[in-house]
>>> print(open('model_21.cif').read())   # mmCIF, C-alpha atoms and all ligand atoms; chains and numbers go by the auth columns
data_target
#
loop_
_atom_site.group_PDB
_atom_site.id
_atom_site.type_symbol
_atom_site.label_atom_id
_atom_site.label_comp_id
_atom_site.label_asym_id
_atom_site.label_seq_id
_atom_site.Cartn_x
_atom_site.Cartn_y
_atom_site.Cartn_z
_atom_site.B_iso_or_equiv
_atom_site.auth_seq_id
_atom_site.auth_asym_id
ATOM 1 C CA MET A 1 161.513 68.825 256.025 0.00 1 A
ATOM 2 C CA SER A 2 164.633 66.746 256.554 0.00 2 A
ATOM 3 C CA SER A 3 164.798 63.257 255.126 0.00 3 A
ATOM 4 C CA SER A 4 165.122 61.759 258.599 0.00 4 A
ATOM 5 C CA ARG A 5 163.385 58.390 258.735 0.00 5 A
ATOM 6 C CA LEU A 6 162.822 55.823 261.436 0.00 6 A
ATOM 7 C CA ILE A 7 163.551 52.451 259.814 0.00 7 A
ATOM 8 C CA VAL A 8 162.048 49.712 261.955 0.00 8 A
ATOM 9 C CA VAL A 9 163.132 46.135 261.307 0.00 9 A
ATOM 10 C CA SER A 10 161.216 43.271 262.939 0.00 10 A
ATOM 11 C CA ALA A 11 161.265 39.503 262.567 0.00 11 A
ATOM 12 C CA PRO A 12 160.445 36.400 264.536 0.00 12 A
ATOM 13 C CA SER A 13 163.312 35.111 266.705 0.00 13 A
ATOM 14 C CA GLY A 14 165.926 33.437 264.556 0.00 14 A
ATOM 15 C CA GLY A 15 164.664 35.314 261.501 0.00 15 A
ATOM 16 C CA GLY A 16 168.132 36.669 260.798 0.00 16 A
ATOM 17 C CA LYS A 17 167.192 40.221 261.680 0.00 17 A
ATOM 18 C CA THR A 18 170.241 41.026 263.787 0.00 18 A
ATOM 19 C CA SER A 19 172.644 39.933 261.015 0.00 19 A
ATOM 20 C CA ILE A 20 170.724 42.023 258.511 0.00 20 A
ATOM 21 C CA VAL A 21 170.676 45.113 260.729 0.00 21 A
ATOM 22 C CA LYS A 22 174.400 44.787 261.507 0.00 22 A
ATOM 23 C CA GLU A 23 175.325 44.557 257.822 0.00 23 A
ATOM 24 C CA ILE A 24 173.090 47.502 256.890 0.00 24 A
ATOM 25 C CA LEU A 25 174.754 49.628 259.589 0.00 25 A
ATOM 26 C CA ALA A 26 178.202 48.572 258.364 0.00 26 A
ATOM 27 C CA ARG A 27 177.306 49.632 254.811 0.00 27 A
ATOM 28 C CA HIS A 28 175.785 52.943 255.892 0.00 28 A
ATOM 29 C CA PRO A 29 177.845 54.821 258.452 0.00 29 A
ATOM 30 C CA GLU A 30 175.368 57.705 258.126 0.00 30 A
ATOM 31 C CA LEU A 31 172.654 55.586 259.781 0.00 31 A
ATOM 32 C CA GLU A 32 172.253 55.573 263.554 0.00 32 A
ATOM 33 C CA PHE A 33 171.173 52.531 265.565 0.00 33 A
ATOM 34 C CA SER A 34 168.630 52.957 268.340 0.00 34 A
ATOM 35 C CA VAL A 35 170.108 51.125 271.337 0.00 35 A
ATOM 36 C CA SER A 36 167.199 49.718 273.342 0.00 36 A
ATOM 37 C CA GLY A 37 167.043 49.082 277.044 0.00 37 A
ATOM 38 C CA THR A 38 166.399 45.535 278.257 0.00 38 A
ATOM 39 C CA THR A 39 166.291 43.518 281.454 0.00 39 A
ATOM 40 C CA ARG A 40 167.382 40.334 279.692 0.00 40 A
ATOM 41 C CA ARG A 41 170.816 38.976 280.486 0.00 41 A
ATOM 42 C CA LYS A 42 173.711 39.936 278.255 0.00 42 A
ATOM 43 C CA ARG A 43 174.842 37.212 275.839 0.00 43 A
ATOM 44 C CA PRO A 44 178.599 36.565 275.610 0.00 44 A
ATOM 45 C CA ASN A 45 178.920 38.260 272.202 0.00 45 A
ATOM 46 C CA GLU A 46 177.080 41.416 273.274 0.00 46 A
ATOM 47 C CA THR A 47 178.355 44.747 274.585 0.00 47 A
ATOM 48 C CA GLY A 48 176.432 46.988 276.980 0.00 48 A
ATOM 49 C CA GLY A 49 175.614 50.391 275.480 0.00 49 A
ATOM 50 C CA VAL A 50 176.194 49.019 271.967 0.00 50 A
ATOM 51 C CA ASP A 51 173.775 46.116 271.523 0.00 51 A
ATOM 52 C CA TYR A 52 171.516 47.077 274.427 0.00 52 A
ATOM 53 C CA PHE A 53 171.588 49.031 277.642 0.00 53 A
ATOM 54 C CA PHE A 54 171.393 46.122 280.071 0.00 54 A
ATOM 55 C CA LEU A 55 169.266 47.242 283.006 0.00 55 A
ATOM 56 C CA SER A 56 167.866 45.814 286.221 0.00 56 A
ATOM 57 C CA LYS A 57 164.094 45.494 286.531 0.00 57 A
ATOM 58 C CA ASP A 58 164.108 48.453 288.959 0.00 58 A
ATOM 59 C CA GLU A 59 166.090 50.623 286.592 0.00 59 A
ATOM 60 C CA PHE A 60 163.746 49.751 283.724 0.00 60 A
ATOM 61 C CA GLU A 61 160.618 50.452 285.773 0.00 61 A
ATOM 62 C CA ARG A 62 162.069 53.815 286.749 0.00 62 A
ATOM 63 C CA LEU A 63 162.419 54.669 283.041 0.00 63 A
ATOM 64 C CA ILE A 64 158.756 53.716 282.527 0.00 64 A
ATOM 65 C CA GLN A 65 157.656 55.953 285.412 0.00 65 A
ATOM 66 C CA LYS A 66 159.738 58.871 284.174 0.00 66 A
ATOM 67 C CA ARG A 67 158.225 58.414 280.684 0.00 67 A
ATOM 68 C CA GLU A 68 161.663 58.015 279.173 0.00 68 A
ATOM 69 C CA LEU A 69 160.550 55.198 276.871 0.00 69 A
ATOM 70 C CA VAL A 70 158.580 55.817 273.678 0.00 70 A
ATOM 71 C CA GLU A 71 157.387 52.214 273.769 0.00 71 A
ATOM 72 C CA TYR A 72 158.162 49.069 275.700 0.00 72 A
ATOM 73 C CA GLU A 73 157.040 45.449 275.742 0.00 73 A
ATOM 74 C CA LEU A 74 157.378 42.492 278.036 0.00 74 A
ATOM 75 C CA ILE A 75 158.819 39.774 275.791 0.00 75 A
ATOM 76 C CA TYR A 76 159.628 36.247 276.990 0.00 76 A
ATOM 77 C CA GLY A 77 159.509 37.521 280.578 0.00 77 A
ATOM 78 C CA ASN A 78 161.902 40.433 280.019 0.00 78 A
ATOM 79 C CA TYR A 79 161.336 44.105 279.364 0.00 79 A
ATOM 80 C CA TYR A 80 162.544 45.679 276.128 0.00 80 A
ATOM 81 C CA GLY A 81 162.030 49.356 275.326 0.00 81 A
ATOM 82 C CA THR A 82 162.979 52.205 273.023 0.00 82 A
ATOM 83 C CA LEU A 83 164.548 55.184 274.763 0.00 83 A
ATOM 84 C CA ARG A 84 163.059 58.591 274.025 0.00 84 A
ATOM 85 C CA ARG A 85 166.513 60.159 274.006 0.00 85 A
ATOM 86 C CA GLU A 86 167.630 57.792 271.202 0.00 86 A
ATOM 87 C CA VAL A 87 164.718 58.804 268.965 0.00 87 A
ATOM 88 C CA ASP A 88 165.168 62.494 269.820 0.00 88 A
ATOM 89 C CA ARG A 89 168.816 62.244 268.836 0.00 89 A
ATOM 90 C CA ALA A 90 167.795 61.115 265.333 0.00 90 A
ATOM 91 C CA VAL A 91 164.831 63.406 264.841 0.00 91 A
ATOM 92 C CA ARG A 92 166.646 66.549 266.042 0.00 92 A
ATOM 93 C CA GLY A 93 169.774 65.771 264.090 0.00 93 A
ATOM 94 C CA GLY A 94 167.780 65.002 260.927 0.00 94 A
ATOM 95 C CA LYS A 95 169.353 61.531 260.896 0.00 95 A
ATOM 96 C CA THR A 96 167.860 58.260 259.759 0.00 96 A
ATOM 97 C CA MET A 97 167.739 55.768 262.574 0.00 97 A
ATOM 98 C CA VAL A 98 167.432 51.968 262.491 0.00 98 A
ATOM 99 C CA PHE A 99 165.374 50.133 265.127 0.00 99 A
ATOM 100 C CA ASP A 100 165.481 46.428 265.933 0.00 100 A
ATOM 101 C CA VAL A 101 162.248 45.932 267.874 0.00 101 A
ATOM 102 C CA ASP A 102 159.463 43.365 268.066 0.00 102 A
ATOM 103 C CA VAL A 103 156.310 43.629 265.925 0.00 103 A
ATOM 104 C CA LYS A 104 154.220 45.371 268.596 0.00 104 A
ATOM 105 C CA GLY A 105 156.974 47.909 269.266 0.00 105 A
ATOM 106 C CA ALA A 106 157.167 48.559 265.518 0.00 106 A
ATOM 107 C CA LEU A 107 153.448 49.349 265.330 0.00 107 A
ATOM 108 C CA SER A 108 153.776 51.660 268.356 0.00 108 A
ATOM 109 C CA ILE A 109 156.566 53.583 266.609 0.00 109 A
ATOM 110 C CA LYS A 110 154.369 53.854 263.503 0.00 110 A
ATOM 111 C CA ARG A 111 151.469 55.177 265.587 0.00 111 A
ATOM 112 C CA LEU A 112 153.711 57.768 267.227 0.00 112 A
ATOM 113 C CA TYR A 113 155.747 58.925 264.239 0.00 113 A
ATOM 114 C CA GLY A 114 153.430 58.221 261.290 0.00 114 A
ATOM 115 C CA GLU A 115 154.929 58.557 257.802 0.00 115 A
ATOM 116 C CA ARG A 116 158.392 59.125 259.210 0.00 116 A
ATOM 117 C CA ALA A 117 158.436 55.479 260.371 0.00 117 A
ATOM 118 C CA VAL A 118 159.097 52.790 257.768 0.00 118 A
ATOM 119 C CA LEU A 119 158.309 49.246 258.904 0.00 119 A
ATOM 120 C CA ILE A 120 160.210 46.319 257.386 0.00 120 A
ATOM 121 C CA PHE A 121 159.262 42.754 258.344 0.00 121 A
ATOM 122 C CA ILE A 122 161.814 39.992 257.799 0.00 122 A
ATOM 123 C CA GLU A 123 159.946 36.786 257.005 0.00 123 A
ATOM 124 C CA PRO A 124 161.416 33.339 257.442 0.00 124 A
ATOM 125 C CA PRO A 125 161.126 31.156 254.309 0.00 125 A
ATOM 126 C CA SER A 126 159.246 28.555 256.396 0.00 126 A
ATOM 127 C CA MET A 127 158.484 27.564 259.978 0.00 127 A
ATOM 128 C CA SER A 128 160.889 24.621 259.886 0.00 128 A
ATOM 129 C CA VAL A 129 163.767 26.815 258.673 0.00 129 A
ATOM 130 C CA LEU A 130 162.985 29.285 261.440 0.00 130 A
ATOM 131 C CA GLU A 131 162.963 26.546 264.087 0.00 131 A
ATOM 132 C CA GLN A 132 166.283 25.174 262.866 0.00 132 A
ATOM 133 C CA ARG A 133 167.930 28.607 262.813 0.00 133 A
ATOM 134 C CA LEU A 134 166.856 29.290 266.359 0.00 134 A
ATOM 135 C CA ARG A 135 168.180 25.896 267.482 0.00 135 A
ATOM 136 C CA ASP A 136 171.484 26.475 265.671 0.00 136 A
ATOM 137 C CA ARG A 137 171.926 29.779 267.476 0.00 137 A
ATOM 138 C CA LYS A 138 172.177 27.814 270.756 0.00 138 A
ATOM 139 C CA THR A 139 171.469 30.924 272.843 0.00 139 A
ATOM 140 C CA GLU A 140 168.206 29.615 274.281 0.00 140 A
ATOM 141 C CA ASP A 141 167.387 27.018 276.882 0.00 141 A
ATOM 142 C CA GLU A 142 164.437 24.718 276.082 0.00 142 A
ATOM 143 C CA GLU A 143 161.924 26.881 277.985 0.00 143 A
ATOM 144 C CA THR A 144 162.902 30.128 276.231 0.00 144 A
ATOM 145 C CA PHE A 145 163.029 28.319 272.907 0.00 145 A
ATOM 146 C CA ARG A 146 159.423 27.154 273.387 0.00 146 A
ATOM 147 C CA LYS A 147 158.298 30.676 274.389 0.00 147 A
ATOM 148 C CA ARG A 148 159.943 32.138 271.306 0.00 148 A
ATOM 149 C CA MET A 149 158.315 29.595 268.980 0.00 149 A
ATOM 150 C CA GLU A 150 154.875 30.183 270.545 0.00 150 A
ATOM 151 C CA ARG A 151 155.109 33.855 269.699 0.00 151 A
ATOM 152 C CA VAL A 152 155.870 33.285 266.020 0.00 152 A
ATOM 153 C CA ALA A 153 152.225 33.013 264.863 0.00 153 A
ATOM 154 C CA LEU A 154 151.414 36.442 266.365 0.00 154 A
ATOM 155 C CA GLU A 155 154.534 37.888 264.784 0.00 155 A
ATOM 156 C CA LEU A 156 153.762 36.536 261.310 0.00 156 A
ATOM 157 C CA GLU A 157 150.194 37.843 261.516 0.00 157 A
ATOM 158 C CA THR A 158 151.260 41.307 262.706 0.00 158 A
ATOM 159 C CA GLY A 159 153.945 41.464 260.016 0.00 159 A
ATOM 160 C CA LYS A 160 151.152 41.718 257.422 0.00 160 A
ATOM 161 C CA GLN A 161 150.555 45.313 258.547 0.00 161 A
ATOM 162 C CA PHE A 162 154.142 46.371 257.785 0.00 162 A
ATOM 163 C CA ASP A 163 155.125 48.662 254.900 0.00 163 A
ATOM 164 C CA PHE A 164 157.560 46.107 253.453 0.00 164 A
ATOM 165 C CA ARG A 165 158.100 42.354 253.812 0.00 165 A
ATOM 166 C CA VAL A 166 161.402 40.719 252.906 0.00 166 A
ATOM 167 C CA VAL A 167 161.817 36.928 252.813 0.00 167 A
ATOM 168 C CA ASN A 168 165.096 35.872 254.381 0.00 168 A
ATOM 169 C CA ASP A 169 165.751 32.907 252.079 0.00 169 A
ATOM 170 C CA THR A 170 169.420 33.700 251.730 0.00 170 A
ATOM 171 C CA LEU A 171 170.999 36.289 253.967 0.00 171 A
ATOM 172 C CA ALA A 172 172.915 38.124 251.204 0.00 172 A
ATOM 173 C CA ARG A 173 169.790 38.541 249.063 0.00 173 A
ATOM 174 C CA ALA A 174 167.668 39.681 251.998 0.00 174 A
ATOM 175 C CA ILE A 175 170.314 42.237 253.024 0.00 175 A
ATOM 176 C CA ASN A 176 170.385 43.660 249.487 0.00 176 A
ATOM 177 C CA GLU A 177 166.608 43.942 249.395 0.00 177 A
ATOM 178 C CA VAL A 178 166.486 45.740 252.748 0.00 178 A
ATOM 179 C CA ASP A 179 169.330 47.972 251.576 0.00 179 A
ATOM 180 C CA GLU A 180 167.377 48.930 248.428 0.00 180 A
ATOM 181 C CA ILE A 181 164.286 49.770 250.470 0.00 181 A
ATOM 182 C CA ILE A 182 166.308 51.984 252.824 0.00 182 A
ATOM 183 C CA GLU A 183 168.179 53.719 249.980 0.00 183 A
ATOM 184 C CA LYS A 184 164.865 54.649 248.350 0.00 184 A
ATOM 185 C CA GLN A 185 163.496 55.930 251.654 0.00 185 A
ATOM 186 C CA ILE A 186 166.542 58.089 252.325 0.00 186 A
ATOM 187 C CA GLN A 187 166.358 59.586 248.849 0.00 187 A
ATOM 188 C CA SER A 188 162.607 60.257 248.827 0.00 188 A
HETATM 189 P P1 LIG B . 166.613 39.416 271.746 0.00 201 B
HETATM 190 O O1 LIG B . 166.441 38.952 273.172 0.00 201 B
HETATM 191 O O2 LIG B . 166.675 38.256 270.787 0.00 201 B
HETATM 192 O O3 LIG B . 167.753 40.389 271.574 0.00 201 B
HETATM 193 O O4 LIG B . 165.318 40.237 271.373 0.00 201 B
HETATM 194 C C1 LIG B . 164.034 39.720 271.569 0.00 201 B
HETATM 195 C C2 LIG B . 163.013 40.581 270.878 0.00 201 B
HETATM 196 O O5 LIG B . 162.951 41.869 271.483 0.00 201 B
HETATM 197 C C3 LIG B . 163.369 40.838 269.405 0.00 201 B
HETATM 198 O O6 LIG B . 162.184 40.671 268.637 0.00 201 B
HETATM 199 C C4 LIG B . 163.822 42.283 269.408 0.00 201 B
HETATM 200 O O7 LIG B . 163.595 42.911 268.156 0.00 201 B
HETATM 201 C C5 LIG B . 162.904 42.838 270.472 0.00 201 B
HETATM 202 N N1 LIG B . 163.350 44.154 270.964 0.00 201 B
HETATM 203 C C6 LIG B . 164.599 44.601 271.143 0.00 201 B
HETATM 204 N N2 LIG B . 164.591 45.864 271.578 0.00 201 B
HETATM 205 C C7 LIG B . 163.294 46.238 271.673 0.00 201 B
HETATM 206 C C8 LIG B . 162.633 47.451 272.046 0.00 201 B
HETATM 207 O O8 LIG B . 163.219 48.466 272.386 0.00 201 B
HETATM 208 N N3 LIG B . 161.269 47.430 272.006 0.00 201 B
HETATM 209 C C9 LIG B . 160.550 46.350 271.640 0.00 201 B
HETATM 210 N N4 LIG B . 159.230 46.456 271.612 0.00 201 B
HETATM 211 N N5 LIG B . 161.136 45.199 271.267 0.00 201 B
HETATM 212 C C10 LIG B . 162.488 45.144 271.289 0.00 201 B
#
>>> encode(input="model_21.cif", output="structure tokens")
Amino acid sequence: MSSSRLIVVSAPSGGGKTSIVKEILARHPELEFSVSGTTRRKRPNETGGVDYFFLSKDEFERLIQKRELVEYELIYGNYYGTLRREVDRAVRGGKTMVFDVDVKGALSIKRLYGERAVLIFIEPPSMSVLEQRLRDRKTEDEETFRKRMERVALELETGKQFDFRVVNDTLARAINEVDEIIEKQIQS
């Protein structure tokens, strides 16, 4: 069997997950990133087809009907989903792929792909740090901010079922820990 793995990284909003995933991908050109589809609006620093495929609600619902998503969730009023063709690309090519999905999506990927999927949960050092980080990001209006904070308890609870948990106390340390976990998985 090839050493292809599906590395799934989840964290509550503001948990620093995107920075960690970006740095891991920069360090490991051999890793592929699974670009998800979403109906949420593009942020100014994002690129379509790179960060997400930005889709209309109709386009997304068509993907659901055509069973082109391996999993999808409605999060903060927007759809997010993993494209079957992204996963197939990794599995067929024997590549290790990195996923940035929410906790429920992570468990779905585990259910579908079993041992091949490795779930890493990025934990905030505390609730107050998490709240501050999300405020500092300044990407959310007050309503979305509240929705994101309400979801945190569910996320922290679900994170207990993950294969690995990494506390994001300092970004550099957390990145190194995630990197070590992935290196071991690729080698095993
Ligand atoms: P954001 O809007 O901050 O980019 O993402 C919001 C949440 O959606 C994050 O927890 C992110 O990991 C999650 N997410 C992104 N893509 C997917 C996906 O394909 N499936 C699922 N289930 N969650 C996703």
>>> resolve_selection(input="model_21.cif", expression="the PyMOL selection byres (((not hetatm)) within 8 of (chain B and resi 201))", output="number ranges by chain")
A: 9-14, 17, 35-38, 40, 52, 71-76, 80-83, 99-106
>>> residues_around(input="model_21.cif", residues="Leu107 (chain A)", least_positions_apart="3", cutoff="9 Å", atoms="only C-alpha atoms", output="list of chain:residue names")
A:Asp102, A:Val103, A:Lys104, A:Lys110, A:Arg111, A:Leu112, A:Leu119, A:Thr158, A:Gln161, A:Phe162
>>> resolve_selection(input="model_21.cif", expression="the PyMOL selection byres (((chain A and resi 144) around 12) and not hetatm)", output="VMD selection string")
chain A and resid 13 40 75 to 78 134 to 135 138 to 143 145 to 151
>>> write_last_selection(input="model_21.cif", atoms="C-alpha atoms", output="PDB file, in the coordinates of the input")
ATOM      1  CA  SER A  13     163.312  35.111 266.705  1.00  0.00           C
ATOM      2  CA  ARG A  40     167.382  40.334 279.692  1.00  0.00           C
ATOM      3  CA  ILE A  75     158.819  39.774 275.791  1.00  0.00           C
ATOM      4  CA  TYR A  76     159.628  36.247 276.990  1.00  0.00           C
ATOM      5  CA  GLY A  77     159.509  37.521 280.578  1.00  0.00           C
ATOM      6  CA  ASN A  78     161.902  40.433 280.019  1.00  0.00           C
ATOM      7  CA  LEU A 134     166.856  29.290 266.359  1.00  0.00           C
ATOM      8  CA  ARG A 135     168.180  25.896 267.482  1.00  0.00           C
ATOM      9  CA  LYS A 138     172.177  27.814 270.756  1.00  0.00           C
ATOM     10  CA  THR A 139     171.469  30.924 272.843  1.00  0.00           C
ATOM     11  CA  GLU A 140     168.206  29.615 274.281  1.00  0.00           C
ATOM     12  CA  ASP A 141     167.387  27.018 276.882  1.00  0.00           C
ATOM     13  CA  GLU A 142     164.437  24.718 276.082  1.00  0.00           C
ATOM     14  CA  GLU A 143     161.924  26.881 277.985  1.00  0.00           C
ATOM     15  CA  PHE A 145     163.029  28.319 272.907  1.00  0.00           C
ATOM     16  CA  ARG A 146     159.423  27.154 273.387  1.00  0.00           C
ATOM     17  CA  LYS A 147     158.298  30.676 274.389  1.00  0.00           C
ATOM     18  CA  ARG A 148     159.943  32.138 271.306  1.00  0.00           C
ATOM     19  CA  MET A 149     158.315  29.595 268.980  1.00  0.00           C
ATOM     20  CA  GLU A 150     154.875  30.183 270.545  1.00  0.00           C
ATOM     21  CA  ARG A 151     155.109  33.855 269.699  1.00  0.00           C
TER      22      ARG A 151
END
>>> residues_near_point(input="model_21.cif", point="(167.8, 59.5, 258.3)", cutoff="9 Å", atoms="all atoms listed in the file", output="list of chain:residue names")
A:Ser2, A:Ser3, A:Ser4, A:Arg5, A:Leu6, A:Ile7, A:Glu30, A:Leu31, A:Glu32, A:Ala90, A:Val91, A:Gly93, A:Gly94, A:Lys95, A:Thr96, A:Met97, A:Val98, A:Gln185, A:Ile186
>>> closest_residue(input="model_21.cif", among="A:Val8, A:Ile64, A:Val152, A:Leu69", to="Pro124 (chain A)", atoms="all atoms listed in the file")
A:Val152
>>> resolve_selection(input="model_21.cif", expression="the PyMOL selection byres (((chain A and resi 174) around 12) and not hetatm)", output="number ranges by chain")
A: 15-17, 19-21, 23-24, 120-125, 165-173, 175-181
>>> axis_aligned_box(input="model_21.cif", around="region 173-177 of chain A", padding_each_side="8 Å", output="AutoDock Vina command-line options")
--center_x 168.5 --center_y 41.2 --center_z 251.0 --size_x 19.8 --size_y 21.4 --size_z 20.0
>>> atom_distance(input="model_21.cif", atom1="CA of Glu68 (chain A)", atom2="CA of Val87 (chain A)")
10.7 Å
>>> closest_residue(input="model_21.cif", among="A:Lys160, A:Phe53, A:Arg67, A:Glu183", to="Ser34 (chain A)", atoms="all atoms listed in the file")
A:Phe53
>>> closest_residue(input="model_21.cif", among="A:Ala153, A:Ile182, A:Phe33, A:Gln187", to="Glu86 (chain A)", atoms="all atoms listed in the file")
A:Phe33
>>> atom_distance(input="model_21.cif", atom1="CA of Tyr79 (chain A)", atom2="CA of Thr47 (chain A)")
17.7 Å
>>> atom_distance(input="model_21.cif", atom1="CA of Glu155 (chain A)", atom2="CA of Val129 (chain A)")
15.7 Å
>>> closest_residue(input="model_21.cif", among="A:Lys42, A:Arg27, A:Arg116, A:Arg137", to="Asp163 (chain A)", atoms="all atoms listed in the file")
A:Arg116
